[in-house]
>>> print(open('target-v1.pdb').read())   # PDB, C-alpha atoms
ATOM      1  CA  MET X   1      24.346   5.867   3.927
ATOM      2  CA  LEU X   2      21.783   4.800   1.377
ATOM      3  CA  GLU X   3      18.142   5.391   2.134
ATOM      4  CA  LYS X   4      16.172   2.343   3.232
ATOM      5  CA  ARG X   5      13.813   1.063   0.513
ATOM      6  CA  VAL X   6      10.520   0.349   2.266
ATOM      7  CA  VAL X   7       7.276  -0.951   0.773
ATOM      8  CA  MET X   8       3.950  -0.996   2.604
ATOM      9  CA  VAL X   9       1.450  -3.420   1.064
ATOM     10  CA  ILE X  10      -2.172  -2.806   2.066
ATOM     11  CA  ASP X  11      -4.866  -5.532   2.300
ATOM     12  CA  MET X  12      -3.811  -7.859  -0.523
ATOM     13  CA  GLN X  13      -5.846 -10.625   1.103
ATOM     14  CA  GLN X  14      -7.861 -13.516  -0.255
ATOM     15  CA  GLY X  15     -11.093 -12.330   1.379
ATOM     16  CA  VAL X  16     -10.664  -8.801   0.011
ATOM     17  CA  PHE X  17     -10.241 -10.244  -3.470
ATOM     18  CA  ALA X  18     -13.423 -12.322  -3.140
ATOM     19  CA  THR X  19     -14.849  -9.190  -4.785
ATOM     20  CA  PRO X  20     -13.158  -8.919  -8.193
ATOM     21  CA  ARG X  21     -10.466  -6.226  -8.285
ATOM     22  CA  HIS X  22      -9.233  -4.347 -11.344
ATOM     23  CA  GLN X  23      -6.173  -5.894 -13.027
ATOM     24  CA  ARG X  24      -5.352  -8.184 -10.122
ATOM     25  CA  GLU X  25      -2.509 -10.007 -11.887
ATOM     26  CA  GLN X  26      -0.761  -6.816 -13.048
ATOM     27  CA  CYS X  27      -1.115  -5.246  -9.607
ATOM     28  CA  VAL X  28       0.313  -8.309  -7.829
ATOM     29  CA  SER X  29       3.154  -8.505 -10.359
ATOM     30  CA  ARG X  30       4.157  -4.889  -9.703
ATOM     31  CA  ILE X  31       3.883  -5.322  -5.943
ATOM     32  CA  ASN X  32       6.129  -8.385  -6.208
ATOM     33  CA  GLN X  33       8.673  -6.338  -8.195
ATOM     34  CA  LEU X  34       8.681  -3.735  -5.431
ATOM     35  CA  THR X  35       8.934  -6.207  -2.555
ATOM     36  CA  GLN X  36      11.767  -8.095  -4.251
ATOM     37  CA  ALA X  37      13.766  -4.858  -4.572
ATOM     38  CA  ALA X  38      12.928  -3.474  -1.123
ATOM     39  CA  ASP X  39      14.962  -3.660   2.065
ATOM     40  CA  THR X  40      11.897  -3.685   4.318
ATOM     41  CA  ILE X  41       8.373  -4.876   3.582
ATOM     42  CA  ILE X  42       5.348  -4.216   5.756
ATOM     43  CA  PHE X  43       2.172  -6.139   5.014
ATOM     44  CA  ILE X  44      -1.017  -4.613   6.378
ATOM     45  CA  GLN X  45      -3.910  -7.032   6.862
ATOM     46  CA  HIS X  46      -7.499  -6.124   7.661
ATOM     47  CA  THR X  47      -9.500  -8.225  10.096
ATOM     48  CA  GLU X  48     -13.251  -8.201  10.675
ATOM     49  CA  ALA X  49     -16.198 -10.575  10.894
ATOM     50  CA  GLY X  50     -17.625 -11.905   7.661
ATOM     51  CA  GLY X  51     -14.631 -13.600   6.067
ATOM     52  CA  LEU X  52     -11.593 -11.625   7.241
ATOM     53  CA  GLU X  53     -11.239 -13.164  10.681
ATOM     54  CA  GLU X  54      -7.629 -13.465  11.780
ATOM     55  CA  GLY X  55      -6.286 -16.913  10.867
ATOM     56  CA  SER X  56      -9.006 -17.599   8.279
ATOM     57  CA  ASP X  57      -8.429 -18.307   4.596
ATOM     58  CA  GLY X  58      -9.930 -14.901   3.784
ATOM     59  CA  PHE X  59      -7.473 -13.147   6.113
ATOM     60  CA  ALA X  60      -4.484 -14.784   4.378
ATOM     61  CA  LEU X  61      -2.491 -12.830   1.818
ATOM     62  CA  LEU X  62      -2.936 -13.764  -1.830
ATOM     63  CA  PRO X  63      -0.900 -16.906  -2.556
ATOM     64  CA  GLU X  64       0.823 -15.316  -5.574
ATOM     65  CA  LEU X  65       2.093 -12.437  -3.434
ATOM     66  CA  HIS X  66       5.815 -12.674  -2.652
ATOM     67  CA  GLN X  67       6.316 -12.662   1.140
ATOM     68  CA  PRO X  68      10.019 -12.370   1.847
ATOM     69  CA  GLU X  69      11.501 -13.705   5.026
ATOM     70  CA  GLY X  70      11.792 -10.933   7.583
ATOM     71  CA  ALA X  71       8.723  -9.034   6.381
ATOM     72  CA  PHE X  72       6.651  -7.289   9.014
ATOM     73  CA  TYR X  73       2.904  -7.774   9.471
ATOM     74  CA  VAL X  74       0.435  -5.308  10.994
ATOM     75  CA  ILE X  75      -3.209  -6.131  11.646
ATOM     76  CA  LYS X  76      -5.843  -3.413  11.393
ATOM     77  CA  THR X  77      -9.590  -3.125  11.959
ATOM     78  CA  ALA X  78     -10.238   0.197  10.177
ATOM     79  CA  CYS X  79      -9.462   1.700   6.767
ATOM     80  CA  ASP X  80      -6.564   3.579   8.367
ATOM     81  CA  ALA X  81      -3.554   1.326   9.018
ATOM     82  CA  PHE X  82      -2.427   3.732  11.768
ATOM     83  CA  TYR X  83      -5.714   3.583  13.723
ATOM     84  CA  ASN X  84      -5.250   1.527  16.923
ATOM     85  CA  THR X  85      -2.439  -0.566  15.412
ATOM     86  CA  THR X  86       1.255  -1.156  15.994
ATOM     87  CA  LEU X  87       2.205   0.525  12.698
ATOM     88  CA  GLN X  88       3.560   3.802  14.075
ATOM     89  CA  ALA X  89       5.601   1.967  16.742
ATOM     90  CA  LEU X  90       7.005  -0.391  14.089
ATOM     91  CA  LEU X  91       7.993   2.505  11.823
ATOM     92  CA  SER X  92       9.640   4.253  14.747
ATOM     93  CA  GLU X  93      11.510   1.106  15.900
ATOM     94  CA  GLN X  94      12.789   0.529  12.365
ATOM     95  CA  GLY X  95      13.769   4.174  11.829
ATOM     96  CA  ILE X  96      11.389   4.470   8.876
ATOM     97  CA  ASP X  97      10.141   7.909   7.895
ATOM     98  CA  ARG X  98       9.481   7.256   4.201
ATOM     99  CA  PHE X  99       7.929   4.417   2.269
ATOM    100  CA  VAL X 100       6.231   3.340  -0.930
ATOM    101  CA  ILE X 101       2.566   2.452  -0.552
ATOM    102  CA  CYS X 102       0.589   0.014  -2.711
ATOM    103  CA  GLY X 103      -2.236  -2.491  -2.421
ATOM    104  CA  CYS X 104      -6.007  -2.483  -2.071
ATOM    105  CA  ALA X 105      -8.422  -0.744  -2.011
ATOM    106  CA  THR X 106      -7.384   2.490  -3.686
ATOM    107  CA  ASP X 107     -10.446   4.427  -2.550
ATOM    108  CA  TYR X 108     -10.569   3.112   1.008
ATOM    109  CA  CYS X 109      -7.566   1.757   2.869
ATOM    110  CA  VAL X 110      -4.774   2.966   0.571
ATOM    111  CA  ASP X 111      -6.191   6.510   0.465
ATOM    112  CA  THR X 112      -6.926   6.706   4.203
ATOM    113  CA  THR X 113      -3.537   5.321   5.259
ATOM    114  CA  LEU X 114      -1.688   7.595   2.836
ATOM    115  CA  LYS X 115      -3.455  10.750   4.050
ATOM    116  CA  ASN X 116      -3.008   9.893   7.717
ATOM    117  CA  GLY X 117       0.642   8.989   7.124
ATOM    118  CA  VAL X 118       1.343  12.300   5.369
ATOM    119  CA  SER X 119      -0.371  14.127   8.256
ATOM    120  CA  ARG X 120       1.946  12.312  10.674
ATOM    121  CA  GLY X 121       4.997  13.495   8.719
ATOM    122  CA  TYR X 122       5.836  10.350   6.759
ATOM    123  CA  HIS X 123       7.206  10.867   3.265
ATOM    124  CA  ILE X 124       5.083   8.632   1.072
ATOM    125  CA  THR X 125       5.436   7.602  -2.549
ATOM    126  CA  VAL X 126       2.428   5.982  -4.186
ATOM    127  CA  ALA X 127       3.146   3.250  -6.714
ATOM    128  CA  GLN X 128       0.557   4.566  -9.179
ATOM    129  CA  ASP X 129       0.214   1.262 -11.018
ATOM    130  CA  ALA X 130       0.402  -1.061  -7.990
ATOM    131  CA  HIS X 131      -2.880  -0.320  -6.244
ATOM    132  CA  THR X 132      -6.325  -1.532  -7.165
ATOM    133  CA  THR X 133      -9.984  -1.441  -6.274
ATOM    134  CA  ALA X 134     -13.335  -2.818  -7.380
ATOM    135  CA  ASN X 135     -15.941  -1.270  -9.628
ATOM    136  CA  ARG X 136     -18.246   0.857  -7.461
ATOM    137  CA  PRO X 137     -21.824   2.020  -8.106
ATOM    138  CA  ALA X 138     -20.610   5.591  -8.782
ATOM    139  CA  ALA X 139     -17.496   4.809 -10.836
ATOM    140  CA  GLN X 140     -15.542   2.037 -12.511
ATOM    141  CA  ALA X 141     -12.302   0.883 -10.872
ATOM    142  CA  GLN X 142      -9.976   2.364 -13.510
ATOM    143  CA  ILE X 143     -11.656   5.769 -13.148
ATOM    144  CA  LEU X 144     -11.210   5.592  -9.374
ATOM    145  CA  ILE X 145      -7.544   4.588  -9.695
ATOM    146  CA  ASN X 146      -6.873   7.460 -12.107
ATOM    147  CA  HIS X 147      -8.823   9.865  -9.893
ATOM    148  CA  TYR X 148      -6.926   8.985  -6.718
ATOM    149  CA  ASN X 149      -3.557   9.131  -8.464
ATOM    150  CA  ASP X 150      -4.505  12.667  -9.530
ATOM    151  CA  VAL X 151      -5.762  13.608  -6.052
ATOM    152  CA  TRP X 152      -2.550  12.368  -4.440
ATOM    153  CA  ARG X 153      -0.397  14.069  -7.085
ATOM    154  CA  THR X 154      -2.017  17.429  -6.240
ATOM    155  CA  PHE X 155      -2.588  16.830  -2.504
ATOM    156  CA  THR X 156      -1.797  19.947  -0.488
ATOM    157  CA  ALA X 157       0.633  19.126   2.305
ATOM    158  CA  PRO X 158       3.197  21.943   2.595
ATOM    159  CA  ASP X 159       6.732  20.564   2.855
ATOM    160  CA  ASN X 160       5.489  16.953   2.654
ATOM    161  CA  PRO X 161       3.326  16.251  -0.389
ATOM    162  CA  PRO X 162       2.925  12.625  -1.416
ATOM    163  CA  VAL X 163       4.745  11.607  -4.590
ATOM    164  CA  VAL X 164       3.079   9.498  -7.280
ATOM    165  CA  LYS X 165       5.339   7.401  -9.530
ATOM    166  CA  SER X 166       5.133   4.275 -11.638
ATOM    167  CA  THR X 167       6.631   1.065 -10.302
ATOM    168  CA  GLU X 168       9.202   1.214 -13.105
ATOM    169  CA  THR X 169      10.318   4.713 -12.024
ATOM    170  CA  ILE X 170      10.470   3.737  -8.329
ATOM    171  CA  LEU X 171      12.650   0.725  -9.177
ATOM    172  CA  ALA X 172      14.909   2.843 -11.434
ATOM    173  CA  ASP X 173      15.275   5.445  -8.664
ATOM    174  CA  TRP X 174      16.179   2.715  -6.171
ATOM    175  CA  LYS X 175      18.705   1.235  -8.580
ATOM    176  CA  ALA X 176      20.322   4.660  -9.123
ATOM    177  CA  ASN X 177      20.768   5.160  -5.376
TER     178      ASN X 177
END
>>> encode(input="target-v1.pdb", output="structure tokens")
Amino acid sequence: MLEKRVVMVIDMQQGVFATPRHQREQCVSRINQLTQAADTIIFIQHTEAGGLEEGSDGFALLPELHQPEGAFYVIKTACDAFYNTTLQALLSEQGIDRFVICGCATDYCVDTTLKNGVSRGYHITVAQDAHTTANRPAAQAQILINHYNDVWRTFTAPDNPPVVKSTETILADWKAN
């Protein structure tokens, strides 16, 4: 049986993007390529006071983001999409033990969810060109994106290191299988 192609999209919400994010259009385009080729899509949405309240315009996913019928949605209140959410139960119910991760913000929610997921035994591939962040006081967004791709590429997790690949390579791998 072929392996299920699963994409987890983190916090690609209108309120999150009220702060300009690096290469928004390119990031959304690559995420859309992944979700259109995937069997299962899980959208993670952050909720909190100050513009990300559930049901608000800020909570809504970006309008240009492809949301296929049958996609799953998980609401979170922390950087970690596993923390006090239904994510682990959903993954278990769906028989998912590996997925591609992408979205926003590289240095917060994507990083935290990836590290916690690896620690829980999930096999995670990062779409290296399909995550984004904002410029921060200590570093520009592109530097942060490059830095985290390098951190994840060399992350020590015996028998379960994360994999970092371009969207193009992920899609080619999926097509070959």
>>> closest_residue(input="target-v1.pdb", among="X:Val9, X:Ala134, X:Ala157, X:Ala139", to="X:Ser119", atoms="all atoms listed in the file")
X:Ala157
>>> atom_distance(input="target-v1.pdb", atom1="atom CA of X:Thr132", atom2="atom CA of X:Gln23")
7.3 Å
>>> closest_residue(input="target-v1.pdb", among="X:Trp174, X:Phe43, X:Phe17, X:Tyr122", to="X:Lys76", atoms="all atoms listed in the file")
X:Phe43
>>> closest_residue(input="target-v1.pdb", among="X:Glu54, X:Glu64, X:Asp111, X:Asp97", to="X:Tyr148", atoms="all atoms listed in the file")
X:Asp111
>>> atom_distance(input="target-v1.pdb", atom1="atom CA of X:Met12", atom2="atom CA of X:Asp129")
14.5 Å
>>> closest_residue(input="target-v1.pdb", among="X:Leu87, X:Leu62, X:Ile145, X:Val74", to="X:His46", atoms="all atoms listed in the file")
X:Val74
>>> closest_residue(input="target-v1.pdb", among="X:Asp150, X:Leu61, X:Pro158, X:Gln33", to="X:Ala172", atoms="only C-alpha atoms")
X:Gln33
>>> residues_around(input="target-v1.pdb", residues="stretch 163-170 of chain X", least_positions_apart="6", cutoff="6 Å", atoms="all atoms listed in the file", output="JSON list (two decimals) with C-alpha atoms, in the coordinates of the input")
[["chain", "number", "residue", "atom", "x", "y", "z"],
["X", 125, "THR", "CA", 5.44, 7.60, -2.55],
["X", 126, "VAL", "CA", 2.43, 5.98, -4.19],
["X", 127, "ALA", "CA", 3.15, 3.25, -6.71],
["X", 128, "GLN", "CA", 0.56, 4.57, -9.18],
["X", 129, "ASP", "CA", 0.21, 1.26, -11.02],
["X", 153, "ARG", "CA", -0.40, 14.07, -7.08]]
>>> atom_distance(input="target-v1.pdb", atom1="atom CA of X:Asp39", atom2="atom CA of X:Arg5")
5.1 Å
>>> closest_residue(input="target-v1.pdb", among="X:Thr106, X:Gln13, X:Asn116, X:Gln140", to="X:Gln88", atoms="all atoms listed in the file")
X:Asn116
>>> resolve_selection(input="target-v1.pdb", expression="the PyMOL selection byres ((chain X and resi 110) around 10)", output="ChimeraX atom specification")
/X:8-11,79-81,101-109,111-115,126,131-133,148
>>> resolve_selection(input="target-v1.pdb", expression="the PyMOL selection byres ((chain X and resi 68) around 9)", output="PDB file with C-alpha atoms, keeping the file's coordinate frame")
ATOM      1  CA  THR X  35       8.934  -6.207  -2.555  1.00  0.00           C
ATOM      2  CA  GLN X  36      11.767  -8.095  -4.251  1.00  0.00           C
ATOM      3  CA  ILE X  41       8.373  -4.876   3.582  1.00  0.00           C
ATOM      4  CA  HIS X  66       5.815 -12.674  -2.652  1.00  0.00           C
ATOM      5  CA  GLN X  67       6.316 -12.662   1.140  1.00  0.00           C
ATOM      6  CA  GLU X  69      11.501 -13.705   5.026  1.00  0.00           C
ATOM      7  CA  GLY X  70      11.792 -10.933   7.583  1.00  0.00           C
ATOM      8  CA  ALA X  71       8.723  -9.034   6.381  1.00  0.00           C
TER       9      ALA X  71
END
>>> axis_aligned_box(input="target-v1.pdb", around="stretch 105-122 of chain X", padding_each_side="8 Å", output="lines of an AutoDock Vina configuration file")
center_x = -2.4
center_y = 6.7
center_z = 3.5
size_x = 32.4
size_y = 30.9
size_z = 30.4
>>> residues_around(input="target-v1.pdb", residues="X:Leu52", least_positions_apart="5", cutoff="10 Å", atoms="all atoms listed in the file", output="PyMOL selection string")
chain X and resi 13-16+45-47+57-60+77
